[in-house]
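**Student:** Compact mmCIF, C-alpha atoms and all ligand atoms, file entry_12.txt:
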# COMPACT_ATOMS: atom_id res chain seq x y z
CA MET A 4 66.34 35.05 -83.88
CA GLY A 5 68.22 34.78 -80.58
CA GLY A 6 67.26 36.70 -77.48
CA LYS A 7 65.34 35.94 -74.39
CA LEU A 8 61.74 34.81 -74.45
CA THR A 9 59.54 36.12 -71.72
CA GLY A 10 55.96 36.02 -70.63
CA VAL A 11 52.78 34.33 -71.71
CA VAL A 12 51.51 35.18 -75.13
CA GLY A 13 48.57 37.45 -74.44
CA ARG A 14 45.24 36.11 -75.77
CA GLN A 15 44.19 39.35 -77.46
CA SER A 16 43.51 38.03 -80.95
CA GLY A 17 41.79 34.99 -82.45
CA TYR A 18 45.15 33.34 -83.20
CA ARG A 19 45.50 29.99 -81.45
CA GLY A 20 48.75 28.09 -81.72
CA ARG A 21 50.01 25.09 -79.82
CA LEU A 22 53.02 23.32 -78.39
CA ALA A 23 52.49 19.58 -78.82
CA PRO A 24 55.37 17.68 -77.23
CA THR A 25 55.45 13.90 -77.03
CA PRO A 26 56.86 12.91 -73.62
CA SER A 27 58.70 9.83 -74.90
CA GLY A 28 62.20 11.16 -74.29
CA MET A 29 64.16 14.27 -73.46
CA LEU A 30 63.73 17.32 -75.69
CA HIS A 31 66.61 18.19 -78.01
CA ALA A 32 67.72 21.37 -79.76
CA GLY A 33 65.32 20.73 -82.65
CA HIS A 34 62.41 20.96 -80.22
CA ALA A 35 63.88 24.15 -78.79
CA ARG A 36 63.76 25.72 -82.23
CA THR A 37 60.25 24.53 -83.07
CA PHE A 38 58.78 25.58 -79.73
CA ARG A 39 60.52 28.94 -79.87
CA GLU A 40 59.02 29.52 -83.33
CA ALA A 41 55.54 28.56 -82.06
CA TRP A 42 55.96 30.98 -79.18
CA VAL A 43 57.29 33.81 -81.36
CA ARG A 44 54.46 33.45 -83.90
CA ALA A 45 51.75 33.32 -81.23
CA HIS A 46 53.34 36.25 -79.46
CA SER A 47 53.65 38.42 -82.56
CA GLU A 48 49.98 37.70 -83.34
CA LYS A 49 48.98 38.49 -79.74
CA GLY A 50 47.32 35.12 -79.72
CA THR A 51 46.90 32.19 -77.37
CA LEU A 52 49.45 29.41 -77.10
CA VAL A 53 48.12 26.03 -75.95
CA LEU A 54 50.20 23.20 -74.47
CA ARG A 55 48.94 19.74 -75.34
CA MET A 56 50.81 16.63 -74.11
CA GLU A 57 50.78 14.08 -76.92
CA ASP A 58 51.02 10.95 -74.85
CA ILE A 59 48.79 8.47 -76.70
CA ASP A 60 51.68 6.07 -77.14
CA ARG A 61 51.40 4.67 -73.63
CA GLU A 62 54.37 2.36 -74.10
CA ARG A 63 56.86 5.07 -74.95
CA CYS A 64 55.55 8.01 -72.94
CA ARG A 65 56.51 8.42 -69.30
CA PRO A 66 55.56 10.86 -66.53
CA GLU A 67 59.21 11.70 -65.89
CA TYR A 68 59.63 12.85 -69.49
CA GLU A 69 56.48 14.92 -69.18
CA GLU A 70 57.94 16.62 -66.14
CA ALA A 71 61.22 17.17 -67.97
CA VAL A 72 59.41 18.76 -70.95
CA LEU A 73 57.70 21.27 -68.65
CA GLU A 74 60.96 22.04 -66.89
CA ASP A 75 62.91 22.47 -70.13
CA LEU A 76 60.24 24.79 -71.56
CA ALA A 77 60.39 26.89 -68.40
CA TRP A 78 64.18 27.00 -68.57
CA MET A 79 64.01 28.22 -72.17
CA GLY A 80 61.50 30.91 -71.20
CA ILE A 81 58.78 29.41 -73.40
CA ARG A 82 55.46 30.02 -71.67
CA TRP A 83 51.99 29.09 -72.78
CA ASP A 84 48.55 30.43 -71.92
CA GLU A 85 46.37 27.37 -71.84
CA GLY A 86 46.72 23.65 -71.19
CA GLY A 87 49.38 21.84 -69.20
CA PHE A 88 48.90 22.70 -65.55
CA ARG A 89 47.18 25.98 -66.52
CA GLY A 90 43.98 24.28 -67.71
CA GLY A 91 41.44 26.06 -69.90
CA GLU A 92 38.10 25.67 -71.56
CA TYR A 93 39.20 23.26 -74.29
CA GLY A 94 40.62 20.55 -72.05
CA PRO A 95 41.55 17.93 -71.21
CA TYR A 96 44.98 18.86 -72.55
CA ARG A 97 46.57 15.45 -72.22
CA GLN A 98 45.95 13.49 -75.39
CA SER A 99 45.48 10.19 -73.57
CA ASP A 100 42.48 11.75 -71.79
CA ARG A 101 40.81 12.66 -75.08
CA LEU A 102 40.00 9.20 -76.40
CA LYS A 103 36.24 9.88 -76.49
CA GLU A 104 36.77 12.83 -78.81
CA HIS A 105 39.11 10.78 -81.02
CA GLU A 106 36.56 8.01 -81.21
CA ARG A 107 33.81 10.47 -82.10
CA VAL A 108 35.79 11.75 -85.10
CA PHE A 109 36.75 8.20 -86.08
CA ARG A 110 33.09 7.13 -86.10
CA SER A 111 32.10 10.11 -88.20
CA LEU A 112 34.75 9.05 -90.76
CA ILE A 113 33.29 5.52 -90.80
CA LYS A 114 29.84 6.93 -91.33
CA SER A 115 30.88 9.09 -94.23
CA GLY A 116 32.80 6.21 -95.84
CA PHE A 117 36.29 7.72 -95.78
CA VAL A 118 37.88 4.84 -93.88
CA TYR A 119 37.94 1.08 -94.17
CA PRO A 120 39.01 -1.75 -91.87
CA SER A 121 42.16 -3.64 -92.76
CA ASP A 122 44.01 -6.44 -91.09
CA ALA A 123 46.74 -6.65 -93.71
CA SER A 124 50.11 -6.84 -92.01
CA ARG A 125 53.15 -4.83 -92.95
CA LYS A 126 54.70 -8.04 -94.30
CA GLU A 127 51.73 -8.82 -96.54
CA ILE A 128 51.64 -5.30 -97.91
CA LEU A 129 55.34 -5.24 -98.66
CA ALA A 130 55.14 -8.66 -100.34
CA GLU A 131 52.53 -7.21 -102.70
CA ASN A 132 54.40 -4.01 -103.31
CA PRO A 133 58.12 -4.62 -102.76
CA GLY A 134 60.31 -1.65 -102.13
CA ARG A 135 57.46 0.77 -101.60
CA GLU A 136 58.31 2.03 -98.18
CA ILE A 137 57.62 5.70 -97.68
CA ASP A 138 57.96 8.05 -94.79
CA GLY A 139 58.92 5.23 -92.47
CA GLY A 140 55.75 3.34 -93.34
CA VAL A 141 54.55 1.06 -96.10
CA PHE A 142 52.83 2.27 -99.20
CA PHE A 143 49.34 0.88 -98.97
CA PRO A 144 48.34 -0.45 -102.37
CA GLY A 145 44.79 0.03 -103.59
CA ASN A 146 44.08 -3.67 -104.00
CA PHE A 147 44.12 -4.03 -100.24
CA ARG A 148 41.27 -1.58 -99.99
CA LYS A 149 37.91 -2.76 -98.86
CA SER A 150 34.58 -1.15 -98.66
CA ALA A 151 33.50 -0.32 -95.14
CA ALA A 152 29.87 -0.74 -96.20
CA GLY A 153 28.09 -3.20 -93.98
CA TYR A 154 31.13 -3.60 -91.79
CA THR A 155 30.53 -3.32 -88.06
CA PRO A 156 32.41 -0.27 -86.81
CA ARG A 157 34.61 -2.40 -84.56
CA THR A 158 37.41 -0.58 -82.84
CA ASP A 159 39.62 -3.68 -82.54
CA VAL A 160 40.85 -3.72 -86.15
CA ASN A 161 43.15 -1.30 -87.97
CA TRP A 162 41.30 1.28 -90.06
CA ARG A 163 42.80 3.28 -92.89
CA PHE A 164 41.88 6.44 -94.70
CA ARG A 165 41.17 5.87 -98.38
CA VAL A 166 43.19 8.57 -100.14
CA PRO A 167 41.87 10.14 -103.35
CA ASP A 168 44.43 8.76 -105.84
CA GLY A 169 46.01 11.39 -108.03
CA ARG A 170 44.70 14.32 -106.03
CA ARG A 171 47.31 17.00 -105.43
CA VAL A 172 47.12 18.29 -101.87
CA VAL A 173 48.52 21.82 -101.78
CA PHE A 174 49.17 24.04 -98.81
CA LYS A 175 50.93 27.27 -98.10
CA ASP A 176 53.60 26.85 -95.52
CA GLY A 177 54.50 29.83 -93.34
CA GLU A 178 58.18 29.01 -93.62
CA ARG A 179 58.69 27.78 -97.18
CA GLY A 180 55.79 28.79 -99.38
CA THR A 181 53.68 26.43 -101.45
CA VAL A 182 54.15 22.73 -100.77
CA SER A 183 52.27 19.94 -102.48
CA TYR A 184 52.04 16.16 -102.41
CA VAL A 185 50.09 13.78 -104.59
CA ALA A 186 47.79 11.33 -102.83
CA GLY A 187 48.37 7.76 -103.95
CA GLU A 188 51.88 8.65 -105.16
CA ASP A 189 53.67 10.43 -102.35
CA PHE A 190 51.59 8.73 -99.68
CA GLY A 191 49.12 5.89 -99.57
CA ASP A 192 46.13 4.94 -97.42
CA PHE A 193 47.16 5.85 -93.91
CA LEU A 194 46.29 4.56 -90.49
CA ILE A 195 43.40 6.20 -88.67
CA TRP A 196 42.67 3.71 -85.93
CA ARG A 197 44.75 0.97 -84.35
CA LYS A 198 43.40 -2.42 -83.49
CA SER A 199 44.69 -1.84 -79.97
CA GLY A 200 41.73 0.54 -79.66
CA SER A 201 43.63 3.80 -79.97
CA PRO A 202 43.75 6.55 -82.58
CA SER A 203 46.64 7.00 -84.99
CA TYR A 204 48.81 10.10 -84.66
CA GLU A 205 47.09 11.68 -87.71
CA LEU A 206 43.60 11.24 -86.31
CA ALA A 207 44.40 12.31 -82.74
CA VAL A 208 46.23 15.47 -83.82
CA VAL A 209 43.52 16.60 -86.22
CA ALA A 210 40.69 15.81 -83.79
CA ASP A 211 42.46 17.74 -81.04
CA ASP A 212 43.51 20.68 -83.21
CA ILE A 213 39.90 21.06 -84.37
CA ALA A 214 38.46 20.74 -80.86
CA MET A 215 41.01 23.21 -79.46
CA LYS A 216 40.26 25.66 -82.28
CA ILE A 217 43.89 25.86 -83.37
CA THR A 218 44.35 28.39 -86.18
CA GLU A 219 48.03 27.75 -86.93
CA VAL A 220 50.06 24.57 -86.53
CA VAL A 221 53.79 25.16 -86.01
CA ARG A 222 55.87 21.96 -86.01
CA GLY A 223 58.97 20.28 -87.39
CA GLU A 224 59.51 19.60 -91.07
CA ASP A 225 59.51 15.88 -90.40
CA LEU A 226 55.72 16.25 -90.40
CA LEU A 227 55.36 17.96 -93.80
CA LEU A 228 53.97 14.84 -95.44
CA SER A 229 51.68 14.26 -92.49
CA THR A 230 50.20 17.68 -93.14
CA ALA A 231 49.01 16.52 -96.57
CA ARG A 232 47.34 13.52 -94.94
CA GLN A 233 45.84 15.65 -92.21
CA ILE A 234 44.36 18.13 -94.70
CA LEU A 235 42.39 15.21 -96.16
CA ILE A 236 40.97 14.46 -92.69
CA TYR A 237 40.00 18.11 -92.14
CA GLU A 238 38.19 18.08 -95.47
CA ALA A 239 36.50 14.74 -94.75
CA VAL A 240 35.02 16.02 -91.49
CA GLY A 241 34.19 19.43 -92.97
CA ALA A 242 36.45 21.39 -90.63
CA ARG A 243 38.43 24.51 -91.43
CA VAL A 244 42.04 23.75 -92.31
CA PRO A 245 44.45 25.73 -90.10
CA ARG A 246 47.55 27.49 -91.38
CA PHE A 247 50.79 25.54 -91.20
CA CYS A 248 54.36 26.47 -90.51
CA HIS A 249 57.02 23.76 -90.58
CA VAL A 250 60.29 24.53 -88.90
CA PRO A 251 63.54 23.19 -90.44
CA LEU A 252 65.06 20.26 -88.58
CA VAL A 253 68.27 20.51 -86.63
CA CYS A 254 71.02 18.14 -87.70
CA GLU A 255 74.14 16.60 -86.21
CA GLU A 256 77.45 17.48 -87.80
CA SER A 257 77.11 14.24 -89.79
CA GLY A 258 73.93 15.58 -91.39
CA ALA A 259 71.64 13.14 -89.54
CA ARG A 260 68.71 14.88 -87.97
CA LEU A 261 68.41 15.06 -84.22
CA SER A 262 65.98 12.54 -82.79
CA LYS A 263 64.97 11.05 -79.50
CA THR A 264 65.47 7.54 -80.81
CA ALA A 265 69.02 8.27 -81.94
CA LYS A 266 69.63 9.57 -78.43
CA SER A 267 70.74 12.97 -79.69
CA VAL A 268 72.15 15.32 -77.13
CA SER A 269 69.30 16.71 -75.07
CA ILE A 270 68.62 20.27 -74.00
CA ARG A 271 69.04 18.98 -70.46
CA GLU A 272 72.55 17.72 -71.13
CA LEU A 273 73.57 21.00 -72.74
CA ARG A 274 72.11 22.86 -69.79
CA GLU A 275 74.04 20.68 -67.37
CA LYS A 276 77.22 21.49 -69.30
CA GLY A 277 76.56 25.14 -68.58
CA TRP A 278 74.94 26.26 -71.84
CA THR A 279 72.44 29.12 -71.67
CA PRO A 280 69.10 28.93 -73.53
CA GLU A 281 70.43 31.53 -75.99
CA GLU A 282 73.41 29.30 -76.75
CA VAL A 283 71.11 26.34 -77.35
CA PHE A 284 68.99 28.41 -79.78
CA GLU A 285 72.08 29.74 -81.53
CA TRP A 286 73.52 26.26 -81.98
CA ALA A 287 70.16 24.98 -83.23
CA ASP A 288 69.86 27.83 -85.74
CA HIS A 289 73.34 27.09 -87.00
CA ARG A 290 72.49 23.42 -87.55
CA ALA A 291 69.05 23.85 -89.08
CA LYS A 292 68.58 22.25 -92.46
CA LEU A 293 65.67 22.21 -94.90
CA VAL A 294 64.26 18.87 -95.98
CA GLU A 295 63.52 18.41 -99.65
CA VAL A 296 59.89 18.21 -100.65
CA PRO A 297 58.28 17.67 -104.02
CA GLY A 298 56.32 20.48 -105.64
CA GLU A 299 57.95 23.25 -103.68
CA SER A 300 57.94 26.74 -105.16
N1 LIG A 401 53.77 15.35 -80.89
C1 LIG A 401 54.50 15.47 -82.11
C2 LIG A 401 55.98 15.45 -81.83
O1 LIG A 401 56.40 15.66 -80.71
C3 LIG A 401 54.18 16.75 -82.84
C4 LIG A 401 52.86 16.65 -83.48
C5 LIG A 401 52.40 17.90 -84.16
O2 LIG A 401 52.91 18.97 -83.87
O3 LIG A 401 51.48 17.77 -84.93
O4 LIG A 401 56.73 15.19 -82.75
In structure tokens, how does this file's structure come out?

**Tutor:**
Amino acid sequence: MGGKLTGVVGRQSGYRGRLAPTPSGMLHAGHARTFREAWVRAHSEKGTLVLRMEDIDRERCRPEYEEAVLEDLAWMGIRWDEGGFRGGEYGPYRQSDRLKEHERVFRSLIKSGFVYPSDASRKEILAENPGREIDGGVFFPGNFRKSAAGYTPRTDVNWRFRVPDGRRVVFKDGERGTVSYVAGEDFGDFLIWRKSGSPSYELAVVADDIAMKITEVVRGEDLLLSTARQILIYEAVGARVPRFCHVPLVCEESGARLSKTAKSVSIRELREKGWTPEEVFEWADHRAKLVEVPGES
């Protein structure tokens, strides 16, 4: 799927997709592929493409990266219709400006009993459940669960979502068909609110995708498992679950996936070496690799 991308998407249908970059580093070829796919899908549906800056991690995100993201998108010819400097009726479009909305959803989860406060540290959890580290996090064993009943809804403690153990969460992925994960086996109780007073990634993304009326989420395959968690939040708040499309990750020659933390070669560096956007896309396509997921058909 090479070729030049041009123009905004069009806003003629009810399709609403989004680009959701985190400005914590320079974009790499994996982002190029994901954002191109989001653009192509929104474009072919004559829908609206929204740009939302996911900058809730104030320690890692920086204005210069935000600027670089916008510049790199422009260089690749990936345009959006709403958000970023374009504004729109579902703003603000910077996640750090949406804390009130995140808190509103968080409080509704407390009210309906889906979340509970927990001060257990990573060390304590691992001591109880050695070796159970999943998806870069710890597996949260049930005996750490508490009832939120009668607990003041303080925002200065960690809160977790109580997953329905044994429930199979199934979704149809636009790229790879049916995907499923089992709650309590493939993932445990996950963070909803941080004691620092900010939302977790899962909560912020779902709250914002609901508020921005997103109908299809296009993102990297590293977030496949997160999708299962997020579906549980949609259900808990009674919102319509969007469609999902997870784009295969781009890997180094060694097989390791590109990442900001591993300081993988950035789109900017390739551009400075004289690469064209088409060459970046071609290289990314060549290096794309599917991640393995359970229950795939
Ligand atoms: N902001 C996330 C990232 O850059 C993507 C989140 C999402 O698409 O849900 O990895």

**Student:** Counting all atoms listed in the file, figure out which residue out of A:Asp168, A:Glu69, A:Asp192, A:Asp58 gets nearest to ligand LIG 401 (chain A).

**Tutor:**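 Closest to ligand LIG 401 (chain A) of all the choices is A:Asp58.
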
**Student:** I'd like the interatomic distance between atom CA of Val250 of chain A and atom CA of Lys49 of chain A, to a tenth of an Å.

**Tutor:** 20.2 Å

**Student:** Of the residues A:Pro24, A:Gly180, A:Gly187, A:Gly50, which is the one nearest to Asp75 of chain A, using only C-alpha atoms?

**Tutor:** A:Pro24

**Student:** Could you report the residues within 6 Å of ligand LIG 401 (chain A), using only C-alpha atoms and all ligand atoms, as a list in words?

**Tutor:** Ala23, Pro24, Thr25, Glu57, Val208 and Arg222 of chain A

**Student:** Could you list, as a list in words, every residue within 7 Å of Phe247 of chain A, counting only C-alpha atoms and ignoring same-chain residues fewer than 6 positions away?

**Tutor:** Asp176, Gly177, Glu219, Val220 and Val221 of chain A

**Student:** Identify which of the residues A:Ala231, A:Ile59, A:Ile236, A:Leu52 lies closest to Arg89 of chain A, counting only C-alpha atoms when measuring atom-to-atom distances.

**Tutor:**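 For Arg89 of chain A, the nearest of the given residues is A:Leu52.
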
**Student:** Would you please work out which residue, of A:Pro120, A:Pro251, A:Gly94, A:Pro202, is nearest to Ala214 of chain A when using all atoms listed in the file?

**Tutor:** A:Gly94

**Student:** Between A:Glu255, A:Glu205, A:Asp60, A:Glu40, which is the closest to Trp286 of chain A once you count only C-alpha atoms?

**Tutor:** A:Glu255

**Student:** Tell me, in Å to one decimal, how far atom CA of Leu102 of chain A is from atom CA of Tyr119 of chain A.

**Tutor:**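 Atom CA of Tyr119 of chain A lies 19.6 Å from atom CA of Leu102 of chain A.
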
**Student:** Mind running segment 211-244 of chain A against segment 112-117 of chain A at 10 Å and telling me each contacting residue's nearest atom pair with the distance in Å (one decimal), counting only C-alpha atoms, chain and number ascending, as JSON lines?

**Tutor:**
{"residue": "A:Leu235", "atom": "CA", "partner": "A:Phe117", "partner_atom": "CA", "distance": 9.7}
{"residue": "A:Ile236", "atom": "CA", "partner": "A:Leu112", "partner_atom": "CA", "distance": 8.5}
{"residue": "A:Ala239", "atom": "CA", "partner": "A:Phe117", "partner_atom": "CA", "distance": 7.1}
{"residue": "A:Val240", "atom": "CA", "partner": "A:Leu112", "partner_atom": "CA", "distance": 7.0}

**Student:** Here is a test: counting all atoms listed in the file, which residue of A:Gln15, A:Ser99, A:Ser199, A:Thr51 is nearest to Arg82 of chain A?

**Tutor:**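 Residue with the minimum atom-to-atom distance to Arg82 of chain A: A:Thr51.
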
**Student:** What is the distance between atom CA of Ala291 of chain A and atom CA of Cys254 of chain A, in Å to one decimal?

**Tutor:** 6.2 Å

**Student:** Residues near segment 261-275 of chain A, anyone? I mean within 9 Å using only C-alpha atoms, not counting same-chain ones fewer than 3 positions away, as a ChimeraX atom specification.

**Tutor:** /A:27-35,71,75,252-255,278-280,283

**Student:** Name the residues in contact with Leu228 of chain A at a cut-off of 8 Å, using only C-alpha atoms, excluding same-chain residues fewer than 3 positions from it; report them as a PDB file with C-alpha atoms, in the frame of the given file.

**Tutor:**
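Printed below is selection_16.pdb as written:
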ATOM      1  CA  ASP A 138      57.960   8.050 -94.790  1.00  0.00           C
ATOM      2  CA  TYR A 184      52.040  16.160-102.410  1.00  0.00           C
ATOM      3  CA  PHE A 190      51.590   8.730 -99.680  1.00  0.00           C
ATOM      4  CA  ASP A 225      59.510  15.880 -90.400  1.00  0.00           C
ATOM      5  CA  ALA A 231      49.010  16.520 -96.570  1.00  0.00           C
ATOM      6  CA  ARG A 232      47.340  13.520 -94.940  1.00  0.00           C
TER       7      ARG A 232
END

**Student:** Excluding Val160 of chain A and its own-chain neighbours fewer than 5 positions away, which residues fall within 9 Å of it when counting all atoms listed in the file? Please give them as an mmCIF file with C-alpha atoms, in the frame of the given file.

**Tutor:**
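The result, stored in out_5.cif:
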data_model
loop_
_atom_site.group_PDB
_atom_site.id
_atom_site.type_symbol
_atom_site.label_atom_id
_atom_site.label_comp_id
_atom_site.auth_asym_id
_atom_site.auth_seq_id
_atom_site.Cartn_x
_atom_site.Cartn_y
_atom_site.Cartn_z
ATOM 1 C CA PRO A 120 39.010 -1.750 -91.870
ATOM 2 C CA SER A 121 42.160 -3.640 -92.760
ATOM 3 C CA ASP A 122 44.010 -6.440 -91.090
ATOM 4 C CA TRP A 196 42.670 3.710 -85.930
ATOM 5 C CA ARG A 197 44.750 0.970 -84.350
ATOM 6 C CA LYS A 198 43.400 -2.420 -83.490
ATOM 7 C CA SER A 199 44.690 -1.840 -79.970
ATOM 8 C CA GLY A 200 41.730 0.540 -79.660
#
